[in-house]
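Below is one structure, written out as structure tokens; comments come after it.
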Amino acid sequence: MSRPELKNFRRIVVKVGSSLLIDSAAGEVRTKWLAALAADIAKLHADGRDVLVVSSGSIALGRSRLKLPRGPLKLEESQAAAAVGQIALARIWSEVLGHHGIGAGQILVTLQDTEERRRYLNARSTIGKLLEWRAVPVINENDTVATNEIRYGDNDRLAARVATMASADLLVLLSDIDGLYTAPPGANPDAKLIPIVDSVTAEIEGMAGAAESELSRGGMYTKIEAAKIATTAGTHMIIASGKVEHPLQKIADGGLCTWFLTPANPVTARKRWIAGSLEPKGTLTIDAGAVAALRAGKSLLPAGVIKVEGDFARGDAVIVRGPDTHEIGRGLVAYDADNAEKIKGRSSPDVMIILGISGRAEMIHRDDLVISGSRS
């Protein structure tokens with residue numbers, strides 16, 4: 001496959017590591033570099049792209065603000081440092097993006113938020129709404145509450161999960177190094193950059209090295225793991241150097257980097273997963289009008305549902321059947337079975353009155369729905 005172009009992607013996640021964002025000697029943000037990156041993001045944003053940022057740096061900033069000594073921190077010390085640093089980090093991103101007239105929204109996530117269905121859907125909905133409002137979500141692991149047993153520990157894999165959660169078609173990992181080499185270039189002067197990886201094979205995995213700096217918690221190994229997560233979900237990925245000013249513009253101009261390619265796209269990959277990997281927990285029977293709407297690419301609204309069966313929770317897979325009981329498709333339902341029963345056959349404005357909350361308009365969103373005979 002040939003090298004893609006940055007301008008062809010509609011939703012881009014950019015991961016920024018602590019070692020790029022923070023000057024370890026001074027304990028402060030590299031303001032000039034960050035301003036250049038913000039200008040790159042603003043250019044993509046002005047071109048109509050959705051941009052999300054996964055940003056490390058809260059613990060490093062907290063250490064600086066609290067004047068903590070160098071060396072490893074205990075878990076509770078890291079959590080407390082992160083509590084201070086997260087405020088500073090959010091303000092910094094808000095300011096640099098605000099210079100370009102772009103709003104920023106902070107989202108702190110834990111491992112469970114990307115693994116448990118309900119939390120996953122809540123986070124996905126929040127991200128979707130921020131992007132709809134043309135804000136840039138700035139996402140970080142919630143180090144103030146995550147323990148060693150329930151944390152990612154690196155933002156490479158977190159960024160990959162965020163990319164799949166947001167149905168992004170490109171993930172950019174800005175790194176201390178400008179891509180994947182045949183061997184760690186610091187130890188092997190003959191190592192060669194690999195510009196394109198069509199598939200993450202065992203050979204590719206064997207090329208991973210160790211973390212390059214004190215602030216990095218990942219290294220090439222976690223980047224390869226991130227590539228596996230992203231490409232499986234239909235998201236292309238780039239490893240590129242963040243040590244240059246305007247790193248995204250450099251990628252756009254054809255600069256050195258490694259592309260990890262996938263033949264799928266986020267929507268088709270997600271729908272294959274829904275169609276083949278999830279056990280249905282219930283059934284929604286719909287009327288003929290709803291059947292026609294679904295076949296025309298619309299979402300399933302409560303008004304079209306005539307029967308609810310099963311004991312399912314929000315985010316579970318359910319079968320959708322027509323009035324003749326033939327299976328129309330499968331999807332991830334947006335309501336628990338009890339609430340679905342209450343709002344079936346009712347118009348969208350009635351949902352808030354019946355449930356007492358402003359619920360989602362769709363019973364199943366079209367992006368979470370696979371029509372029988374189709375995987376796209």
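Ordering of the structure tokens sets the chain letters (A, B, ...); residue numbers start at 1 within each chain; ligands are numbered from 1 in the order shown.
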Problem - All residues 8 Å or closer to Ala82 in chain A, only C-alpha atoms, same chain fewer than 3 positions away omitted, as an MDAnalysis selection string - result: chainID A and resid 58:62 78:79 85:86 143:144
At a cut-off of 7 Å, can you tabulate as a tab-separated table every residue of range 99-153 of chain A near range 293-316 of chain A together with its closest atom pair and the distance in Å to one decimal, using only C-alpha atoms and ordering rows by chain then number?
residue	atom	partner	partner_atom	distance
A:Arg117	CA	A:Gly315	CA	5.7
A:Arg118	CA	A:Gly315	CA	6.2
A:Leu121	CA	A:Gly315	CA	6.9
Any chance you could export the current selection's all heavy atoms as a short mmCIF file (atom, residue, chain, number, x, y, z; two decimals), in the first residue's frame?
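Output file part_7.cif is given in full below:
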data_model
loop_
_atom_site.label_atom_id
_atom_site.label_comp_id
_atom_site.auth_asym_id
_atom_site.auth_seq_id
_atom_site.Cartn_x
_atom_site.Cartn_y
_atom_site.Cartn_z
N ARG A 117 -18.57 -1.44 29.04
CA ARG A 117 -19.48 -0.93 28.01
C ARG A 117 -20.13 0.40 28.37
O ARG A 117 -20.15 1.33 27.58
CB ARG A 117 -20.57 -1.97 27.70
CG ARG A 117 -20.17 -2.99 26.68
CD ARG A 117 -21.39 -3.73 26.16
NE ARG A 117 -22.19 -4.29 27.24
CZ ARG A 117 -22.00 -5.51 27.75
NH1 ARG A 117 -21.02 -6.26 27.31
NH2 ARG A 117 -22.78 -5.97 28.70
N ARG A 118 -20.68 0.49 29.58
CA ARG A 118 -21.40 1.71 29.96
C ARG A 118 -20.45 2.91 29.99
O ARG A 118 -20.77 3.98 29.47
CB ARG A 118 -22.05 1.54 31.33
CG ARG A 118 -23.35 0.73 31.30
CD ARG A 118 -23.86 0.51 32.70
NE ARG A 118 -25.18 -0.14 32.67
CZ ARG A 118 -26.32 0.52 32.72
NH1 ARG A 118 -26.32 1.83 32.78
NH2 ARG A 118 -27.48 -0.12 32.68
N LEU A 121 -19.37 3.87 26.44
CA LEU A 121 -20.39 4.60 25.70
C LEU A 121 -20.54 6.03 26.20
O LEU A 121 -20.75 6.96 25.42
CB LEU A 121 -21.73 3.87 25.77
CG LEU A 121 -21.81 2.56 24.97
CD1 LEU A 121 -23.09 1.82 25.31
CD2 LEU A 121 -21.72 2.82 23.48
#
Leaving out Arg49 in chain A and any residue of its chain fewer than 2 positions from it, which residues lie within 12 Å of it when counting only C-alpha atoms, given as a PDB file with C-alpha atoms, in the first residue's frame?
ATOM      1  CA  LEU A   6      -2.557  13.649   6.209  1.00  0.00           C
ATOM      2  CA  LYS A   7      -5.109  15.822   4.419  1.00  0.00           C
ATOM      3  CA  ASN A   8      -7.214  12.768   3.544  1.00  0.00           C
ATOM      4  CA  PHE A   9      -8.168  11.941   7.144  1.00  0.00           C
ATOM      5  CA  ARG A  10     -11.305  13.312   8.774  1.00  0.00           C
ATOM      6  CA  ARG A  11     -10.724  12.542  12.474  1.00  0.00           C
ATOM      7  CA  ILE A  12      -7.219  12.570  13.930  1.00  0.00           C
ATOM      8  CA  VAL A  13      -5.967  11.706  17.406  1.00  0.00           C
ATOM      9  CA  ASP A  40      -0.632  22.678  13.315  1.00  0.00           C
ATOM     10  CA  ILE A  41      -3.774  21.498  15.101  1.00  0.00           C
ATOM     11  CA  ALA A  42      -5.533  24.777  14.305  1.00  0.00           C
ATOM     12  CA  LYS A  43      -4.737  24.360  10.615  1.00  0.00           C
ATOM     13  CA  LEU A  44      -6.253  20.875  10.549  1.00  0.00           C
ATOM     14  CA  HIS A  45      -9.242  22.170  12.524  1.00  0.00           C
ATOM     15  CA  ALA A  46      -9.766  25.061  10.081  1.00  0.00           C
ATOM     16  CA  ASP A  47      -9.759  22.563   7.220  1.00  0.00           C
ATOM     17  CA  VAL A  51      -8.797  16.685  16.193  1.00  0.00           C
ATOM     18  CA  LEU A  52      -8.374  15.031  19.595  1.00  0.00           C
ATOM     19  CA  LEU A 131     -16.362  17.349  18.353  1.00  0.00           C
ATOM     20  CA  GLU A 132     -19.857  18.307  17.207  1.00  0.00           C
ATOM     21  CA  ARG A 134     -15.946  21.963  17.209  1.00  0.00           C
ATOM     22  CA  ALA A 135     -13.975  21.798  20.454  1.00  0.00           C
ATOM     23  CA  VAL A 136     -10.761  19.785  20.832  1.00  0.00           C
ATOM     24  CA  ALA A 168     -10.871   8.142  14.415  1.00  0.00           C
ATOM     25  CA  ASP A 169      -9.310   7.155  11.116  1.00  0.00           C
ATOM     26  CA  LEU A 170      -5.790   8.269  12.094  1.00  0.00           C
TER      27      LEU A 170
END
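Using only C-alpha atoms, the smallest distance between any of A:Phe260, A:Gly219, A:Ile92, A:Asn140 and Pro195 in chain A comes from A:Phe260.
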Practice task
Do a neighbour search on Pro137 in chain A at 12 Å with only C-alpha atoms, toss out local chain neighbours closer than 2 positions, and write the hits as a PyMOL selection string.
Solution key: chain A and resi 11-15+41+50-55+90+93-94+97+102-109+123-135+139-140+162-163+166
Practice task
Find the distance between CA of Asp190 in chain A and CA of Ile224 in chain A and write it in Å to one decimal.
Solution key: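 Going from CA of Asp190 in chain A over to CA of Ile224 in chain A, I get 21.0 Å.
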Problem - Neighbour list for range 261-269 of chain A as a list of chain:residue names, cut-off 6 Å, only C-alpha atoms, skip fewer than 5 positions in-chain - result: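 In the requested form, the answer reads A:Ser167, A:Asp198, A:Thr231, A:Ala233, A:Gly234, A:Thr235, A:His236, A:Ser376.
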With C-alpha atoms retained, export the selected residues as a short mmCIF file (atom, residue, chain, number, x, y, z; two decimals), in the first residue's frame.
data_model
loop_
_atom_site.label_atom_id
_atom_site.label_comp_id
_atom_site.auth_asym_id
_atom_site.auth_seq_id
_atom_site.Cartn_x
_atom_site.Cartn_y
_atom_site.Cartn_z
CA SER A 167 -13.95 6.17 15.47
CA ASP A 198 1.29 -3.08 6.14
CA THR A 231 -5.18 -1.06 12.98
CA ALA A 233 -10.15 -1.26 14.69
CA GLY A 234 -9.64 0.28 11.25
CA THR A 235 -7.46 3.22 12.33
CA HIS A 236 -4.22 4.06 10.55
CA SER A 376 -20.54 -1.45 5.91
#
Practice task
Rank nothing, just name the residue among A:Leu180, A:Leu158, A:Leu20, A:Leu256 nearest to Trp33 in chain A, using only C-alpha atoms.
Solution key: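 Once distances to Trp33 in chain A are computed over only C-alpha atoms, the minimum belongs to A:Leu20.
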Sel. of strand (DSSP E) residues, range 2-62 of chain A, as a PDB file with N, CA, C and O atoms, in the first residue's frame:
ATOM      1  N   ARG A  11     -10.753  12.480  11.009  1.00  0.00           N
ATOM      2  CA  ARG A  11     -10.724  12.542  12.474  1.00  0.00           C
ATOM      3  C   ARG A  11      -9.381  12.010  12.956  1.00  0.00           C
ATOM      4  O   ARG A  11      -9.066  10.833  12.766  1.00  0.00           O
ATOM      5  N   ILE A  12      -8.606  12.870  13.611  1.00  0.00           N
ATOM      6  CA  ILE A  12      -7.219  12.570  13.930  1.00  0.00           C
ATOM      7  C   ILE A  12      -6.977  12.705  15.434  1.00  0.00           C
ATOM      8  O   ILE A  12      -7.333  13.715  16.041  1.00  0.00           O
ATOM      9  N   VAL A  13      -6.394  11.670  16.010  1.00  0.00           N
ATOM     10  CA  VAL A  13      -5.967  11.706  17.406  1.00  0.00           C
ATOM     11  C   VAL A  13      -4.463  11.938  17.440  1.00  0.00           C
ATOM     12  O   VAL A  13      -3.709  11.227  16.778  1.00  0.00           O
ATOM     13  N   VAL A  14      -4.026  12.935  18.205  1.00  0.00           N
ATOM     14  CA  VAL A  14      -2.601  13.250  18.330  1.00  0.00           C
ATOM     15  C   VAL A  14      -2.175  12.985  19.765  1.00  0.00           C
ATOM     16  O   VAL A  14      -2.708  13.570  20.703  1.00  0.00           O
ATOM     17  N   LYS A  15      -1.213  12.078  19.936  1.00  0.00           N
ATOM     18  CA  LYS A  15      -0.695  11.766  21.272  1.00  0.00           C
ATOM     19  C   LYS A  15       0.603  12.506  21.510  1.00  0.00           C
ATOM     20  O   LYS A  15       1.528  12.454  20.693  1.00  0.00           O
ATOM     21  N   VAL A  16       0.666  13.224  22.627  1.00  0.00           N
ATOM     22  CA  VAL A  16       1.838  14.009  22.995  1.00  0.00           C
ATOM     23  C   VAL A  16       2.385  13.474  24.312  1.00  0.00           C
ATOM     24  O   VAL A  16       1.680  13.462  25.326  1.00  0.00           O
ATOM     25  N   ILE A  22       7.253  18.530  28.279  1.00  0.00           N
ATOM     26  CA  ILE A  22       7.874  19.086  29.478  1.00  0.00           C
ATOM     27  C   ILE A  22       9.396  19.115  29.340  1.00  0.00           C
ATOM     28  O   ILE A  22      10.016  18.119  28.945  1.00  0.00           O
ATOM     29  N   ASP A  23       9.988  20.242  29.660  1.00  0.00           N
ATOM     30  CA  ASP A  23      11.443  20.350  29.774  1.00  0.00           C
ATOM     31  C   ASP A  23      11.826  19.749  31.121  1.00  0.00           C
ATOM     32  O   ASP A  23      11.555  20.330  32.177  1.00  0.00           O
ATOM     33  N   GLU A  28       9.178  22.638  33.288  1.00  0.00           N
ATOM     34  CA  GLU A  28       8.149  23.503  32.722  1.00  0.00           C
ATOM     35  C   GLU A  28       7.815  23.088  31.295  1.00  0.00           C
ATOM     36  O   GLU A  28       8.557  22.344  30.655  1.00  0.00           O
ATOM     37  N   VAL A  29       6.695  23.581  30.820  1.00  0.00           N
ATOM     38  CA  VAL A  29       6.243  23.271  29.465  1.00  0.00           C
ATOM     39  C   VAL A  29       7.153  23.933  28.437  1.00  0.00           C
ATOM     40  O   VAL A  29       7.614  25.059  28.627  1.00  0.00           O
ATOM     41  N   ASP A  50     -11.679  16.838  12.492  1.00  0.00           N
ATOM     42  CA  ASP A  50     -11.860  16.667  13.929  1.00  0.00           C
ATOM     43  C   ASP A  50     -10.500  16.297  14.513  1.00  0.00           C
ATOM     44  O   ASP A  50      -9.835  15.392  13.999  1.00  0.00           O
ATOM     45  N   VAL A  51     -10.086  16.976  15.568  1.00  0.00           N
ATOM     46  CA  VAL A  51      -8.797  16.685  16.193  1.00  0.00           C
ATOM     47  C   VAL A  51      -9.001  16.428  17.680  1.00  0.00           C
ATOM     48  O   VAL A  51      -9.708  17.171  18.365  1.00  0.00           O
ATOM     49  N   LEU A  52      -8.388  15.347  18.174  1.00  0.00           N
ATOM     50  CA  LEU A  52      -8.374  15.031  19.595  1.00  0.00           C
ATOM     51  C   LEU A  52      -6.920  14.948  20.033  1.00  0.00           C
ATOM     52  O   LEU A  52      -6.063  14.520  19.257  1.00  0.00           O
ATOM     53  N   VAL A  53      -6.654  15.329  21.260  1.00  0.00           N
ATOM     54  CA  VAL A  53      -5.297  15.279  21.801  1.00  0.00           C
ATOM     55  C   VAL A  53      -5.275  14.348  23.010  1.00  0.00           C
ATOM     56  O   VAL A  53      -6.136  14.461  23.897  1.00  0.00           O
ATOM     57  N   VAL A  54      -4.338  13.420  23.032  1.00  0.00           N
ATOM     58  CA  VAL A  54      -4.066  12.620  24.226  1.00  0.00           C
ATOM     59  C   VAL A  54      -2.740  13.133  24.775  1.00  0.00           C
ATOM     60  O   VAL A  54      -1.702  12.980  24.140  1.00  0.00           O
ATOM     61  N   SER A  55      -2.786  13.778  25.916  1.00  0.00           N
ATOM     62  CA  SER A  55      -1.626  14.506  26.426  1.00  0.00           C
ATOM     63  C   SER A  55      -1.152  13.969  27.758  1.00  0.00           C
ATOM     64  O   SER A  55      -1.914  13.902  28.725  1.00  0.00           O
TER      65      SER A  55
END
Exercise for the section: Have a look at A:Val291, A:Ala230, A:Ala88, A:Met165 and name the one nearest to Ser199 in chain A; count only C-alpha atoms. Expected result: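 Ranked by minimum distance to Ser199 in chain A, first place goes to A:Ala230.
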Exercise for the section: Determine the nearest neighbour of Ala36 in chain A from the options A:Val197, A:Ile286, A:Leu21, A:Leu66, counting only C-alpha atoms. Expected result: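 Residue with the minimum atom-to-atom distance to Ala36 in chain A: A:Leu21.
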Exercise for the section: Compile the contact shell of Ser241 in chain A as a list in words: residues with an atom at most 9 Å away, counting only C-alpha atoms, same-chain residues fewer than 2 positions apart removed. Expected result: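 Surrounding residues, per the criterion: Leu173, Leu174, Ser175, Asp176, Ile177, Asp178, Gly179, Ile239, Lys243, Val244, Pro247, Leu256 and Cys257 of chain A.
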Expected file contents, prior selection, N, CA and C atoms, as a short mmCIF file (atom, residue, chain, number, x, y, z; two decimals), in the first residue's frame:
data_model
loop_
_atom_site.label_atom_id
_atom_site.label_comp_id
_atom_site.auth_asym_id
_atom_site.auth_seq_id
_atom_site.Cartn_x
_atom_site.Cartn_y
_atom_site.Cartn_z
N LEU A 173 1.26 9.24 16.88
CA LEU A 173 2.05 9.19 18.10
C LEU A 173 3.30 10.02 17.90
N LEU A 174 3.34 11.19 18.53
CA LEU A 174 4.54 12.01 18.47
C LEU A 174 5.52 11.49 19.51
N SER A 175 6.73 11.22 19.07
CA SER A 175 7.67 10.45 19.87
C SER A 175 9.03 11.12 19.95
N ASP A 176 9.92 10.49 20.74
CA ASP A 176 11.31 10.92 20.78
C ASP A 176 12.07 10.47 19.54
N ILE A 177 11.48 9.62 18.74
CA ILE A 177 12.13 9.04 17.58
C ILE A 177 11.22 9.21 16.38
N ASP A 178 11.79 9.24 15.18
CA ASP A 178 10.98 9.57 14.00
C ASP A 178 10.34 8.37 13.31
N GLY A 179 10.25 7.24 14.00
CA GLY A 179 9.57 6.09 13.44
C GLY A 179 10.12 4.79 13.96
N ILE A 239 3.95 6.82 13.67
CA ILE A 239 4.96 7.19 14.67
C ILE A 239 5.85 8.23 14.01
N LYS A 243 10.22 16.07 18.15
CA LYS A 243 11.32 16.94 18.56
C LYS A 243 11.48 18.16 17.66
N VAL A 244 10.78 18.15 16.53
CA VAL A 244 10.85 19.28 15.61
C VAL A 244 9.68 20.22 15.88
N PRO A 247 5.41 19.55 14.14
CA PRO A 247 5.57 18.14 13.78
C PRO A 247 4.48 17.61 12.86
N LEU A 256 10.02 12.30 7.54
CA LEU A 256 10.26 10.95 8.01
C LEU A 256 9.25 10.54 9.07
N CYS A 257 8.72 9.33 8.94
CA CYS A 257 7.81 8.75 9.93
C CYS A 257 7.53 7.32 9.50
#
Practice task
May I ask which of the residues A:Lys67, A:Gly17, A:Ala80, A:Lys342 is the closest one to Val172 in chain A, counting only C-alpha atoms?
Solution key: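 Smallest distance to Val172 in chain A is found for A:Gly17.
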Problem - Which residue of A:Ser347, A:Gly27, A:His365, A:Lys192 approaches Arg65 in chain A most closely, using only C-alpha atoms - result: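 Once distances to Arg65 in chain A are computed over only C-alpha atoms, the minimum belongs to A:Gly27.
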